[in-house]
file coords_31.pdb (PDB, C-alpha atoms)
MODEL        1
ATOM      1  CA  MET C   1       0.000   0.000   0.000
ATOM      2  CA  HIS C   2       2.928   2.342   0.630
ATOM      3  CA  GLU C   3       4.736   1.399  -2.579
ATOM      4  CA  LEU C   4       3.842   4.721  -4.174
ATOM      5  CA  SER C   5       5.700   6.713  -1.532
ATOM      6  CA  ILE C   6       8.586   4.249  -1.803
ATOM      7  CA  ALA C   7       8.698   4.854  -5.580
ATOM      8  CA  GLN C   8       8.835   8.609  -4.911
ATOM      9  CA  ASN C   9      11.710   8.103  -2.438
ATOM     10  CA  ILE C  10      13.581   6.129  -5.065
ATOM     11  CA  ILE C  11      13.190   8.890  -7.640
ATOM     12  CA  GLU C  12      14.517  11.466  -5.144
ATOM     13  CA  ILE C  13      17.569   9.345  -4.343
ATOM     14  CA  VAL C  14      18.351   8.800  -8.014
ATOM     15  CA  LYS C  15      18.067  12.561  -8.602
ATOM     16  CA  GLU C  16      20.635  13.164  -5.887
ATOM     17  CA  ASN C  17      23.079  10.654  -7.336
ATOM     18  CA  VAL C  18      22.904  11.352 -11.066
ATOM     19  CA  ASN C  19      24.091  14.509 -12.827
ATOM     20  CA  GLU C  20      21.139  16.562 -13.960
ATOM     21  CA  GLU C  21      22.187  16.487 -17.615
ATOM     22  CA  ASP C  22      22.016  12.684 -17.511
ATOM     23  CA  TYR C  23      18.472  12.437 -16.100
ATOM     24  CA  GLY C  24      16.966  11.775 -19.542
ATOM     25  CA  ASN C  25      19.565   9.073 -20.233
ATOM     26  CA  VAL C  26      18.808   6.959 -17.187
ATOM     27  CA  LYS C  27      18.039   3.548 -18.652
ATOM     28  CA  SER C  28      17.471   1.481 -15.565
ATOM     29  CA  ILE C  29      17.309   1.767 -11.807
ATOM     30  CA  ILE C  30      18.414  -1.403 -10.079
ATOM     31  CA  LEU C  31      17.053  -2.333  -6.692
ATOM     32  CA  GLU C  32      17.458  -5.028  -4.093
ATOM     33  CA  ILE C  33      14.177  -5.836  -2.374
ATOM     34  CA  GLY C  34      14.116  -8.418   0.402
ATOM     35  CA  GLU C  35      11.308 -10.946   0.838
ATOM     36  CA  LEU C  36      10.590  -9.445   4.250
ATOM     37  CA  SER C  37      10.991  -5.799   3.279
ATOM     38  CA  GLY C  38       7.233  -5.275   3.342
ATOM     39  CA  ILE C  39       7.345  -4.261  -0.308
ATOM     40  CA  VAL C  40       5.410  -6.001  -3.053
ATOM     41  CA  ALA C  41       7.799  -5.911  -6.010
ATOM     42  CA  ASP C  42       5.034  -5.973  -8.646
ATOM     43  CA  SER C  43       3.236  -3.140  -6.918
ATOM     44  CA  LEU C  44       6.400  -1.050  -6.666
ATOM     45  CA  GLN C  45       7.021  -1.649 -10.374
ATOM     46  CA  PHE C  46       3.452  -0.598 -11.152
ATOM     47  CA  CYS C  47       3.755   2.579  -9.051
ATOM     48  CA  PHE C  48       7.075   3.525 -10.630
ATOM     49  CA  ASP C  49       5.682   3.073 -14.146
ATOM     50  CA  ALA C  50       2.603   5.084 -13.210
ATOM     51  CA  ILE C  51       4.529   8.128 -12.015
ATOM     52  CA  LYS C  52       7.657   8.099 -14.146
ATOM     53  CA  SER C  53       6.154  10.263 -16.906
ATOM     54  CA  GLU C  54       5.894  13.030 -14.292
ATOM     55  CA  THR C  55       9.585  12.678 -13.414
ATOM     56  CA  PRO C  56      12.827  13.348 -15.314
ATOM     57  CA  PHE C  57      13.280   9.570 -15.707
ATOM     58  CA  GLN C  58      10.653   8.911 -18.356
ATOM     59  CA  ASN C  59      12.916   6.516 -20.248
ATOM     60  CA  ALA C  60      13.935   4.488 -17.225
ATOM     61  CA  GLU C  61      12.830   1.036 -16.202
ATOM     62  CA  MET C  62      13.032  -0.448 -12.763
ATOM     63  CA  LYS C  63      14.849  -3.746 -12.282
ATOM     64  CA  ILE C  64      14.213  -5.516  -9.020
ATOM     65  CA  ASN C  65      16.474  -8.216  -7.623
ATOM     66  CA  ASN C  66      14.581 -10.200  -5.019
ATOM     67  CA  ILE C  67      16.617 -11.153  -1.961
ATOM     68  CA  PRO C  68      15.561 -14.299  -0.066
ATOM     69  CA  PHE C  69      14.940 -14.274   3.673
ATOM     70  CA  LYS C  70      17.843 -16.089   5.354
ATOM     71  CA  LEU C  71      18.649 -16.809   8.966
ATOM     72  CA  PHE C  72      21.887 -17.680  10.722
ATOM     73  CA  CYS C  73      21.421 -19.984  13.697
ATOM     74  CA  ASN C  74      23.799 -19.234  16.570
ATOM     75  CA  ILE C  75      23.211 -22.735  17.973
ATOM     76  CA  CYS C  76      23.812 -25.096  15.028
ATOM     77  CA  LYS C  77      25.724 -22.447  13.011
ATOM     78  CA  SER C  78      23.773 -23.102   9.823
ATOM     79  CA  VAL C  79      22.216 -20.649   7.405
ATOM     80  CA  THR C  80      18.661 -21.561   6.468
ATOM     81  CA  THR C  81      16.140 -20.085   4.097
ATOM     82  CA  ASN C  82      12.772 -19.747   5.653
ATOM     83  CA  THR C  83       9.952 -18.833   3.343
ATOM     84  CA  ILE C  84       7.287 -18.029   5.905
ATOM     85  CA  GLY C  85       9.385 -15.477   7.729
ATOM     86  CA  THR C  86       9.661 -17.138  11.111
ATOM     87  CA  CYS C  87      12.837 -16.572  13.093
ATOM     88  CA  LEU C  88      13.146 -20.206  14.160
ATOM     89  CA  CYS C  89      16.035 -22.196  12.677
ATOM     90  CA  THR C  90      14.454 -24.686  10.284
ATOM     91  CA  LYS C  91      17.319 -27.139  10.860
ATOM     92  CA  CYS C  92      17.514 -27.438  14.650
ATOM     93  CA  GLY C  93      14.517 -25.399  15.788
ATOM     94  CA  GLY C  94      16.806 -23.000  17.639
ATOM     95  CA  THR C  95      15.452 -19.596  18.643
ATOM     96  CA  ASP C  96      18.791 -17.797  18.881
ATOM     97  CA  THR C  97      18.993 -16.600  15.281
ATOM     98  CA  ASN C  98      20.081 -13.532  13.355
ATOM     99  CA  ILE C  99      18.561 -12.330  10.109
ATOM    100  CA  VAL C 100      21.227 -12.540   7.390
ATOM    101  CA  SER C 101      19.210 -11.154   4.512
ATOM    102  CA  GLY C 102      15.711 -10.470   3.293
ATOM    103  CA  THR C 103      14.912  -7.094   4.850
ATOM    104  CA  GLU C 104      16.726  -5.052   2.165
ATOM    105  CA  MET C 105      15.180  -2.123   0.384
ATOM    106  CA  ARG C 106      18.140  -0.658  -1.452
ATOM    107  CA  ILE C 107      19.027   1.107  -4.663
ATOM    108  CA  THR C 108      22.219  -0.524  -5.837
ATOM    109  CA  GLU C 109      22.927   0.877  -9.322
ATOM    110  CA  VAL C 110      21.708   3.152 -12.049
ATOM    111  CA  GLU C 111      22.479   2.431 -15.725
ATOM    112  CA  ILE C 112      22.925   5.446 -17.970
ATOM    113  CA  ASN C 113      22.993   5.484 -21.774
ATOM    114  CA  SER C 114      26.139   7.334 -22.735
TER     115      SER C 114
ATOM    116  CA  MET Q   1      26.583   2.437 -21.018
ATOM    117  CA  ASP Q   2      27.675   3.919 -17.708
ATOM    118  CA  ILE Q   3      26.804   2.350 -14.412
ATOM    119  CA  ILE Q   4      26.613   4.457 -11.285
ATOM    120  CA  THR Q   5      26.870   2.523  -8.061
ATOM    121  CA  ILE Q   6      24.551   4.010  -5.480
ATOM    122  CA  GLU Q   7      24.107   1.484  -2.637
ATOM    123  CA  ARG Q   8      21.663   3.575  -0.693
ATOM    124  CA  LYS Q   9      18.755   2.477   1.454
ATOM    125  CA  VAL Q  10      15.444   3.640   0.055
ATOM    126  CA  LEU Q  11      14.274   4.761   3.485
ATOM    127  CA  GLU Q  12      17.562   6.358   4.536
ATOM    128  CA  LYS Q  13      15.998   9.812   4.922
ATOM    129  CA  ASN Q  14      13.390   8.373   7.256
ATOM    130  CA  ASP Q  15      16.078   6.523   9.208
ATOM    131  CA  GLU Q  16      18.194   9.688   9.552
ATOM    132  CA  ILE Q  17      15.260  11.626  11.002
ATOM    133  CA  ALA Q  18      14.401   8.677  13.261
ATOM    134  CA  LEU Q  19      17.942   8.816  14.609
ATOM    135  CA  GLN Q  20      17.563  12.538  15.351
ATOM    136  CA  ILE Q  21      14.328  11.784  17.219
ATOM    137  CA  ARG Q  22      15.992   8.947  19.133
ATOM    138  CA  ASN Q  23      18.861  11.217  20.200
ATOM    139  CA  LYS Q  24      16.501  13.982  21.248
ATOM    140  CA  LEU Q  25      14.448  11.573  23.361
ATOM    141  CA  LYS Q  26      17.557  10.035  24.869
ATOM    142  CA  ILE Q  27      18.960  13.417  25.918
ATOM    143  CA  ASN Q  28      15.595  14.261  27.457
ATOM    144  CA  LYS Q  29      15.383  10.836  29.186
ATOM    145  CA  THR Q  30      12.060  10.056  27.516
ATOM    146  CA  PHE Q  31      11.116   6.427  26.957
ATOM    147  CA  ALA Q  32       9.134   6.039  23.720
ATOM    148  CA  VAL Q  33       6.960   3.309  22.263
ATOM    149  CA  ASN Q  34       5.352   3.061  18.847
ATOM    150  CA  ILE Q  35       2.057   1.183  19.184
ATOM    151  CA  VAL Q  36       1.000  -0.650  16.039
ATOM    152  CA  SER Q  37      -1.933  -2.917  15.185
ATOM    153  CA  SER Q  38      -4.798  -3.428  12.777
ATOM    154  CA  PRO Q  39      -7.664  -0.941  13.081
ATOM    155  CA  GLY Q  40      -9.855  -1.666  16.082
ATOM    156  CA  SER Q  41      -7.489  -3.836  18.127
ATOM    157  CA  GLY Q  42      -7.712  -1.468  21.078
ATOM    158  CA  LYS Q  43      -4.579   0.697  20.847
ATOM    159  CA  THR Q  44      -6.347   3.800  22.147
ATOM    160  CA  SER Q  45      -8.161   1.860  24.873
ATOM    161  CA  ILE Q  46      -4.854   0.405  26.088
ATOM    162  CA  LEU Q  47      -3.390   3.900  26.038
ATOM    163  CA  GLU Q  48      -6.307   5.240  28.097
ATOM    164  CA  ARG Q  49      -5.929   2.425  30.629
ATOM    165  CA  THR Q  50      -2.190   3.044  30.793
ATOM    166  CA  ILE Q  51      -2.640   6.767  31.407
ATOM    167  CA  GLU Q  52      -5.222   6.044  34.131
ATOM    168  CA  SER Q  53      -2.770   3.685  35.855
ATOM    169  CA  LEU Q  54       0.445   5.657  35.522
ATOM    170  CA  LYS Q  55      -0.569   9.299  35.324
ATOM    171  CA  SER Q  56       0.162   9.918  38.998
ATOM    172  CA  LYS Q  57       3.650   8.413  38.642
ATOM    173  CA  ILE Q  58       5.017   9.770  35.350
ATOM    174  CA  GLN Q  59       4.385  12.504  32.837
ATOM    175  CA  PHE Q  60       3.049  11.355  29.463
ATOM    176  CA  ALA Q  61       2.950  12.787  25.990
ATOM    177  CA  VAL Q  62       1.018  11.255  23.125
ATOM    178  CA  ILE Q  63       1.250  11.460  19.353
ATOM    179  CA  GLU Q  64      -1.844  10.107  17.627
ATOM    180  CA  GLY Q  65      -1.747   8.977  14.013
ATOM    181  CA  ASP Q  66      -4.932   8.480  12.055
ATOM    182  CA  VAL Q  67      -5.980   8.544   8.434
ATOM    183  CA  GLN Q  68      -8.831  10.937   9.265
ATOM    184  CA  THR Q  69     -10.410  12.664  12.291
ATOM    185  CA  ASN Q  70      -8.992  13.752  15.628
ATOM    186  CA  PHE Q  71     -11.243  11.391  17.603
ATOM    187  CA  ASP Q  72      -8.314   9.651  19.297
ATOM    188  CA  ALA Q  73      -6.633  12.892  20.362
ATOM    189  CA  GLU Q  74      -9.954  14.025  21.856
ATOM    190  CA  ARG Q  75     -10.136  10.797  23.861
ATOM    191  CA  VAL Q  76      -6.621  11.335  25.225
ATOM    192  CA  LYS Q  77      -7.125  15.053  25.940
ATOM    193  CA  LYS Q  78      -9.671  14.180  28.628
ATOM    194  CA  TYR Q  79      -6.744  12.993  30.750
ATOM    195  CA  ASN Q  80      -4.959  16.356  30.552
ATOM    196  CA  VAL Q  81      -2.051  14.813  28.708
ATOM    197  CA  PRO Q  82      -0.221  16.739  25.967
ATOM    198  CA  VAL Q  83      -1.327  15.217  22.679
ATOM    199  CA  VAL Q  84      -0.683  16.002  19.034
ATOM    200  CA  GLN Q  85      -2.893  14.496  16.356
ATOM    201  CA  ILE Q  86      -1.335  13.646  13.009
ATOM    202  CA  VAL Q  87      -3.915  13.206  10.255
ATOM    203  CA  THR Q  88      -2.264  11.422   7.357
ATOM    204  CA  ASN Q  89      -5.082  12.127   4.870
ATOM    205  CA  GLY Q  90      -4.984   8.674   3.406
ATOM    206  CA  GLY Q  91      -1.386   7.823   4.289
ATOM    207  CA  CYS Q  92      -1.201   4.266   5.604
ATOM    208  CA  HIS Q  93       1.584   4.783   8.167
ATOM    209  CA  LEU Q  94       3.431   7.426  10.156
ATOM    210  CA  ASP Q  95       6.929   8.309   9.041
ATOM    211  CA  ALA Q  96       9.740   9.883  11.038
ATOM    212  CA  LYS Q  97       9.280  13.347   9.499
ATOM    213  CA  LEU Q  98       5.628  13.486  10.606
ATOM    214  CA  VAL Q  99       6.616  12.416  14.110
ATOM    215  CA  LYS Q 100       9.492  14.911  14.289
ATOM    216  CA  ASP Q 101       7.156  17.777  13.356
ATOM    217  CA  ALA Q 102       4.606  16.599  15.919
ATOM    218  CA  LEU Q 103       7.306  16.286  18.574
ATOM    219  CA  ASP Q 104       8.337  19.894  17.950
ATOM    220  CA  LYS Q 105       4.876  20.912  19.192
ATOM    221  CA  ILE Q 106       5.342  19.153  22.537
ATOM    222  CA  LYS Q 107       7.218  20.621  25.504
ATOM    223  CA  LEU Q 108       9.390  17.601  26.114
ATOM    224  CA  LYS Q 109      10.982  18.679  29.375
ATOM    225  CA  GLY Q 110       9.866  16.373  32.175
ATOM    226  CA  ILE Q 111       8.063  13.969  29.813
ATOM    227  CA  LYS Q 112       9.074  10.448  30.826
ATOM    228  CA  PHE Q 113       6.902   8.410  28.507
ATOM    229  CA  LEU Q 114       6.040   9.177  24.896
ATOM    230  CA  VAL Q 115       3.423   7.035  23.210
ATOM    231  CA  ILE Q 116       3.158   7.180  19.445
ATOM    232  CA  GLU Q 117      -0.067   5.540  18.333
ATOM    233  CA  ASN Q 118       0.403   4.582  14.715
ATOM    234  CA  VAL Q 119      -2.223   4.358  11.980
ATOM    235  CA  GLY Q 120      -4.192   1.115  12.258
ATOM    236  CA  ASN Q 121      -2.453  -1.123   9.730
ATOM    237  CA  LEU Q 122      -0.527  -4.346  10.271
ATOM    238  CA  VAL Q 123       1.635  -3.971   7.150
ATOM    239  CA  CYS Q 124       3.151  -0.587   6.295
ATOM    240  CA  PRO Q 125       4.060   0.823   9.739
ATOM    241  CA  ALA Q 126       6.399  -2.154  10.247
ATOM    242  CA  GLY Q 127       8.997  -0.695   7.901
ATOM    243  CA  TYR Q 128       9.221   2.802   9.355
ATOM    244  CA  ASP Q 129      11.504   3.602  12.268
ATOM    245  CA  LEU Q 130      10.018   6.533  14.198
ATOM    246  CA  GLY Q 131      12.866   6.873  16.691
ATOM    247  CA  GLU Q 132      11.016   4.835  19.310
ATOM    248  CA  ASP Q 133      12.711   2.553  21.835
ATOM    249  CA  HIS Q 134      10.283  -0.267  21.109
ATOM    250  CA  LYS Q 135       7.494  -1.165  18.752
ATOM    251  CA  VAL Q 136       4.557  -2.626  20.650
ATOM    252  CA  VAL Q 137       2.172  -4.658  18.512
ATOM    253  CA  VAL Q 138      -1.403  -5.109  19.703
ATOM    254  CA  LEU Q 139      -3.388  -8.090  18.451
ATOM    255  CA  SER Q 140      -6.933  -8.649  19.664
ATOM    256  CA  THR Q 141      -8.487 -12.060  20.114
ATOM    257  CA  THR Q 142     -11.206 -11.247  17.573
ATOM    258  CA  GLU Q 143      -8.590 -11.075  14.831
ATOM    259  CA  GLY Q 144      -7.695 -14.760  15.167
ATOM    260  CA  ASP Q 145      -4.619 -16.674  16.235
ATOM    261  CA  ASP Q 146      -2.984 -16.919  12.795
ATOM    262  CA  LYS Q 147      -2.161 -13.232  12.324
ATOM    263  CA  PRO Q 148       1.502 -13.412  13.423
ATOM    264  CA  LEU Q 149       2.123 -15.924  10.629
ATOM    265  CA  LYS Q 150       0.253 -13.790   8.101
ATOM    266  CA  TYR Q 151       1.961 -10.505   8.992
ATOM    267  CA  PRO Q 152       5.438 -11.618  10.105
ATOM    268  CA  LYS Q 153       7.319  -8.381   9.537
ATOM    269  CA  MET Q 154       5.332  -6.506  12.158
ATOM    270  CA  PHE Q 155       5.978  -9.223  14.733
ATOM    271  CA  ILE Q 156       9.680  -9.508  13.878
ATOM    272  CA  ASN Q 157      10.153  -5.761  14.286
ATOM    273  CA  SER Q 158       8.247  -5.503  17.563
ATOM    274  CA  SER Q 159       9.621  -6.126  21.056
ATOM    275  CA  VAL Q 160       6.284  -6.496  22.807
ATOM    276  CA  LEU Q 161       3.002  -8.184  21.885
ATOM    277  CA  ILE Q 162      -0.161  -7.193  23.732
ATOM    278  CA  VAL Q 163      -2.944  -9.717  23.201
ATOM    279  CA  ASN Q 164      -6.012  -7.585  23.851
ATOM    280  CA  LYS Q 165      -9.707  -8.349  24.389
ATOM    281  CA  ILE Q 166      -8.984 -11.551  26.327
ATOM    282  CA  ASP Q 167     -12.406 -11.170  27.972
ATOM    283  CA  LEU Q 168     -13.890 -12.167  24.598
ATOM    284  CA  LEU Q 169     -12.018 -15.479  24.408
ATOM    285  CA  PRO Q 170     -15.082 -17.589  25.349
ATOM    286  CA  TYR Q 171     -16.999 -16.107  22.409
ATOM    287  CA  VAL Q 172     -14.459 -16.044  19.592
ATOM    288  CA  ASN Q 173     -12.639 -18.644  17.579
ATOM    289  CA  CYS Q 174      -9.169 -17.831  18.861
ATOM    290  CA  ASN Q 175      -6.805 -20.239  20.580
ATOM    291  CA  ILE Q 176      -4.599 -18.000  22.678
ATOM    292  CA  LYS Q 177      -2.003 -20.727  23.218
ATOM    293  CA  GLU Q 178      -1.649 -21.094  19.460
ATOM    294  CA  LEU Q 179      -1.618 -17.334  18.996
ATOM    295  CA  LYS Q 180       1.336 -17.032  21.372
ATOM    296  CA  GLU Q 181       3.131 -20.018  19.841
ATOM    297  CA  ASN Q 182       2.700 -18.501  16.378
ATOM    298  CA  ALA Q 183       4.014 -15.144  17.583
ATOM    299  CA  LEU Q 184       7.055 -16.737  19.237
ATOM    300  CA  LYS Q 185       7.784 -18.756  16.085
ATOM    301  CA  ILE Q 186       8.065 -15.455  14.247
ATOM    302  CA  ASN Q 187       9.966 -13.676  16.997
ATOM    303  CA  PRO Q 188      11.204 -15.811  19.908
ATOM    304  CA  ASN Q 189      12.190 -12.683  21.866
ATOM    305  CA  LEU Q 190       8.696 -11.144  22.045
ATOM    306  CA  ILE Q 191       7.511 -10.126  25.504
ATOM    307  CA  ILE Q 192       3.809 -10.998  25.669
ATOM    308  CA  PHE Q 193       1.061  -9.439  27.791
ATOM    309  CA  GLU Q 194      -2.598 -10.478  27.834
ATOM    310  CA  THR Q 195      -5.016  -7.648  28.490
ATOM    311  CA  SER Q 196      -8.643  -6.654  28.550
ATOM    312  CA  CYS Q 197      -9.479  -2.980  28.602
ATOM    313  CA  THR Q 198     -13.035  -3.867  29.638
ATOM    314  CA  THR Q 199     -12.096  -5.791  32.798
ATOM    315  CA  GLY Q 200      -8.660  -4.229  33.306
ATOM    316  CA  ASP Q 201      -6.973  -7.642  33.347
ATOM    317  CA  GLY Q 202      -3.276  -7.578  32.505
ATOM    318  CA  ILE Q 203      -2.977  -3.784  32.444
ATOM    319  CA  GLU Q 204      -0.917  -3.817  35.640
ATOM    320  CA  GLU Q 205       1.652  -6.225  34.185
ATOM    321  CA  TRP Q 206       1.977  -4.107  31.038
ATOM    322  CA  CYS Q 207       2.314  -0.929  33.128
ATOM    323  CA  ASN Q 208       5.009  -2.589  35.248
ATOM    324  CA  TRP Q 209       6.967  -3.249  32.073
ATOM    325  CA  VAL Q 210       6.609   0.414  31.095
ATOM    326  CA  MET Q 211       7.796   1.549  34.526
ATOM    327  CA  MET Q 212      10.832  -0.773  34.304
ATOM    328  CA  ASN Q 213      11.864   1.081  31.168
ATOM    329  CA  ILE Q 214      11.384   4.622  32.435
ATOM    330  CA  ILE Q 215      14.693   6.473  32.627
ATOM    331  CA  GLU Q 216      15.225   8.235  35.936
TER     332      GLU Q 216
ENDMDL
END
call {"tool": "encode", "arguments": {"input": "coords_31.pdb", "output": "structure tokens"}}
result
Amino acid sequence: MHELSIAQNIIEIVKENVNEEDYGNVKSIILEIGELSGIVADSLQFCFDAIKSETPFQNAEMKINNIPFKLFCNICKSVTTNTIGTCLCTKCGGTDTNIVSGTEMRITEVEINS
Amino acid sequence: MDIITIERKVLEKNDEIALQIRNKLKINKTFAVNIVSSPGSGKTSILERTIESLKSKIQFAVIEGDVQTNFDAERVKKYNVPVVQIVTNGGCHLDAKLVKDALDKIKLKGIKFLVIENVGNLVCPAGYDLGEDHKVVVLSTTEGDDKPLKYPKMFINSSVLIVNKIDLLPYVNCNIKELKENALKINPNLIIFETSCTTGDGIEEWCNWVMMNIIE
């Protein structure tokens, strides 16, 4: 539901990081979105496409790399992927775990046609 | 083709402002919670009960977030507590900038406990740091015992779960044991309280936890 404001944030960050004369040449904005970021990738894509004509990045497309939710278990020392987002180790059932990945919401790169 | 490496968090502006809020509260020795839940779980009722119990011991301030109306601020005002209402006009969550602006309207000196009541929504508020010490998620028994599994991010990001409306347990299809097991599967470190704002059950335990966290 908040993907529209996220899309606006992304546009602002790209503006800050790209020279103004290159705005029209931005070809793609590359993101990392974690499974547990609270963002629906399709919805973010939809929102970006809906507003981009009102921004300097009319020629840009958004590329989203999905990052799986992974846990490190401090008890059995294994890294497990847990699709339903629980913080229990799926190998030993341990509760002493740290989230390794899956909460990302990051702009990693911008591609510019030169 | 040129590639510019950016490596920036999308919500970094929010997180920067949240850090400013956190520092400001820390300097002022104000303990802050961000109460989150679906609409109608009883966030405001819990707040009212908490103010009734602790008002003689500590000074409160309240920031109310709602999509429309100032109904909640009016409810809190009756207790002579400083309150600022944020109306998001459709926005589904509070962000740090809104909270910072609201906080600027409160005389913080002497305030020991700041309660930020977020917009009723179990999804979007999970991602936004408001500078609070803890997120407190409220889940009422009428919502069912499976909600922690359906909305994991909120439960992972919260430190406390208040299971509210326990007086309705005989009438609703909610297994509280399963509810708690589901919540602890998502976040094994959750501190859980069971409350009813109708009977007052469990409010004392929750208030004791608040008092433990107050900075002298």
call {"tool": "closest_residue", "arguments": {"input": "coords_31.pdb", "among": "Q:Val83, Q:Ser38, Q:Leu161, Q:Asn189", "to": "chain C", "atoms": "all atoms listed in the file"}}
result
Q:Asn189
call {"tool": "interface_residues", "arguments": {"input": "coords_31.pdb", "of": "chain C", "to": "chain Q", "cutoff": "7 Å", "atoms": "all atoms listed in the file", "output": "list of chain:residue names"}}
result
C:His2, C:Asn9, C:Ile10, C:Leu36, C:Gly38, C:Gly85, C:Thr86, C:Cys87, C:Leu88, C:Thr95, C:Met105, C:Arg106, C:Ile107, C:Thr108, C:Glu109, C:Val110, C:Glu111, C:Ile112, C:Asn113, C:Ser114
call {"tool": "atom_distance", "arguments": {"input": "coords_31.pdb", "atom1": "CA of Glu35 (chain C)", "atom2": "CA of Asn98 (chain C)"}}
result
15.5 Å
call {"tool": "resolve_selection", "arguments": {"input": "coords_31.pdb", "expression": "the PyMOL selection byres ((chain Q and resi 34) around 12)", "output": "ChimeraX atom specification"}}
result
/Q:31-33,35-37,43,47,62-65,93-96,99,113-120,125-126,128-138,154,157-161
call {"tool": "resolve_selection", "arguments": {"input": "coords_31.pdb", "expression": "the PyMOL selection byres ((chain Q and resi 173) around 12)", "output": "list in words"}}
result
Ser140, Thr141, Thr142, Glu143, Gly144, Asp145, Asp146, Ile166, Leu168, Leu169, Pro170, Tyr171, Val172, Cys174, Asn175, Ile176, Glu178 and Leu179 of chain Q
call {"tool": "atom_distance", "arguments": {"input": "coords_31.pdb", "atom1": "CA of Asn70 (chain Q)", "atom2": "CA of Asn89 (chain Q)"}}
result
11.6 Å
call {"tool": "closest_residue", "arguments": {"input": "coords_31.pdb", "among": "C:Gly34, C:Glu21, C:Glu61, C:Val40", "to": "Val100 (chain C)", "atoms": "only C-alpha atoms"}}
result
C:Gly34
call {"tool": "residues_around", "arguments": {"input": "coords_31.pdb", "residues": "Gly24 (chain C)", "least_positions_apart": "2", "cutoff": "6 Å", "atoms": "only C-alpha atoms", "output": "list of chain:residue names"}}
result
C:Asp22, C:Val26, C:Phe57
call {"tool": "resolve_selection", "arguments": {"input": "coords_31.pdb", "expression": "the PyMOL selection byres ((chain Q and resi 48) around 12)", "output": "ChimeraX atom specification"}}
result
/Q:42-47,49-55,60,62,72-81,115,117,197-198,200,203,207
call {"tool": "closest_residue", "arguments": {"input": "coords_31.pdb", "among": "C:Thr90, C:Ser28, C:Ser78, C:Asn66", "to": "Glu104 (chain C)", "atoms": "all atoms listed in the file"}}
result
C:Asn66
call {"tool": "atom_distance", "arguments": {"input": "coords_31.pdb", "atom1": "CA of Ile99 (chain C)", "atom2": "CA of Ile67 (chain C)"}}
result
12.3 Å
